[in-house]
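One structure below.
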Amino acid sequence: NPVRLARAVWADLPDVGELTLIDIETGREVRVDTTSPGLRARFAEAATAERAEISHELRRLGVGHIVLSTATSWLPSLAAQLRVQGMAS
């Protein structure tokens with residue numbers, strides 16, 4: 001089963017001022033102002049939507065997946081999720 005690591009820092013765009021982001025495939029550069037509350041809110045919404053879409057697609061395909069958070073010890077969470085899925089004794 002796939003395992004997804006969940007980190008709060010991946011869902012939240014920090015307020016660090018202006019950034020230049022570069023698409024490594026195209027070389028396209030985009031400047032963003034991370035002090036904008038609207039931009040940070042849209043980023044958080046997009047991250048939430050992306051996680052939901054991935055979870056939905058995995059369920060549609062009949063693939064169970066495990067979500068682990070790096071905010072706490074991941075081992076007890078992994079063991080609990082494996083027991084729920086009937087993969088551990």
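The chains in the structure tokens are called A, B, ... from first to last as shown; in each chain the residues are counted from 1, and the ligands are counted from 1 in the order shown.
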(request) Determine which residues of chain A DSSP labels as strand (DSSP E or B) from the backbone of this structure, then write them out as a ChimeraX atom specification. (result) /A:3-6,18-22,29-33,66-69
(request) Quick one: everything within 12 Å of Leu19 in chain A, counting only C-alpha atoms, minus sequence neighbours fewer than 2 positions away in the same chain. Send it as a list of chain:residue names. (result)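 Non-adjacent residues within range: A:Leu13, A:Pro14, A:Asp15, A:Val16, A:Gly17, A:Leu21, A:Ile22, A:Glu29, A:Val30, A:Arg31, A:Val32, A:Asp33, A:Thr34, A:Thr35, A:Ser36.
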Would you save the residues of that selection, restricted to N, CA and C atoms, as an mmCIF file, in the first residue's frame?
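Here's the written file again_11.cif:
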data_model
loop_
_atom_site.group_PDB
_atom_site.id
_atom_site.type_symbol
_atom_site.label_atom_id
_atom_site.label_comp_id
_atom_site.auth_asym_id
_atom_site.auth_seq_id
_atom_site.Cartn_x
_atom_site.Cartn_y
_atom_site.Cartn_z
ATOM 1 N N LEU A 13 1.910 27.717 3.026
ATOM 2 C CA LEU A 13 2.931 28.548 2.408
ATOM 3 C C LEU A 13 3.363 29.578 3.441
ATOM 4 N N PRO A 14 4.617 29.548 3.851
ATOM 5 C CA PRO A 14 5.036 30.481 4.901
ATOM 6 C C PRO A 14 5.131 31.920 4.390
ATOM 7 N N ASP A 15 4.939 32.846 5.287
ATOM 8 C CA ASP A 15 5.043 34.273 4.985
ATOM 9 C C ASP A 15 6.522 34.658 5.052
ATOM 10 N N VAL A 16 7.204 34.575 3.901
ATOM 11 C CA VAL A 16 8.633 34.883 3.855
ATOM 12 C C VAL A 16 8.953 35.995 2.859
ATOM 13 N N GLY A 17 7.939 36.723 2.416
ATOM 14 C CA GLY A 17 8.171 37.819 1.469
ATOM 15 C C GLY A 17 8.079 37.352 0.029
ATOM 16 N N LEU A 21 9.912 31.502 -8.055
ATOM 17 C CA LEU A 21 9.800 30.050 -8.198
ATOM 18 C C LEU A 21 10.129 29.685 -9.638
ATOM 19 N N ILE A 22 10.878 28.615 -9.810
ATOM 20 C CA ILE A 22 11.300 28.195 -11.139
ATOM 21 C C ILE A 22 10.813 26.782 -11.393
ATOM 22 N N GLU A 29 9.771 31.139 -14.814
ATOM 23 C CA GLU A 29 9.895 31.752 -13.508
ATOM 24 C C GLU A 29 8.607 32.497 -13.159
ATOM 25 N N VAL A 30 8.228 32.392 -11.888
ATOM 26 C CA VAL A 30 7.051 33.092 -11.383
ATOM 27 C C VAL A 30 7.443 33.767 -10.076
ATOM 28 N N ARG A 31 7.127 35.040 -9.959
ATOM 29 C CA ARG A 31 7.383 35.758 -8.701
ATOM 30 C C ARG A 31 6.104 35.764 -7.893
ATOM 31 N N VAL A 32 6.219 35.452 -6.618
ATOM 32 C CA VAL A 32 5.062 35.444 -5.728
ATOM 33 C C VAL A 32 5.399 36.229 -4.462
ATOM 34 N N ASP A 33 4.384 36.868 -3.910
ATOM 35 C CA ASP A 33 4.529 37.608 -2.663
ATOM 36 C C ASP A 33 3.828 36.816 -1.573
ATOM 37 N N THR A 34 4.605 36.116 -0.773
ATOM 38 C CA THR A 34 4.017 35.239 0.241
ATOM 39 C C THR A 34 3.465 35.996 1.444
ATOM 40 N N THR A 35 3.591 37.330 1.446
ATOM 41 C CA THR A 35 2.963 38.106 2.525
ATOM 42 C C THR A 35 1.462 38.247 2.295
ATOM 43 N N SER A 36 0.997 37.868 1.105
ATOM 44 C CA SER A 36 -0.422 37.985 0.758
ATOM 45 C C SER A 36 -1.247 36.893 1.435
#
(request) Compare A:Asp12, A:Gln81, A:Asn1, A:Ala46 by their minimum atom-to-atom distance to Leu68 in chain A, counting only C-alpha atoms, and give me the closest one. (result)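 Closest candidate: A:Gln81.
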(message) When DSSP is applied to the backbone of this structure, which of chain A are assigned alpha helix (DSSP H)? Write them out as a PyMOL selection string.
(response) chain A and resi 8-11+37-60+74-84
(message) What does the structure give for the distance between CA of Glu57 in chain A and CA of Arg42 in chain A, in Å to one decimal?
(response)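 A separation of 22.2 Å between them.
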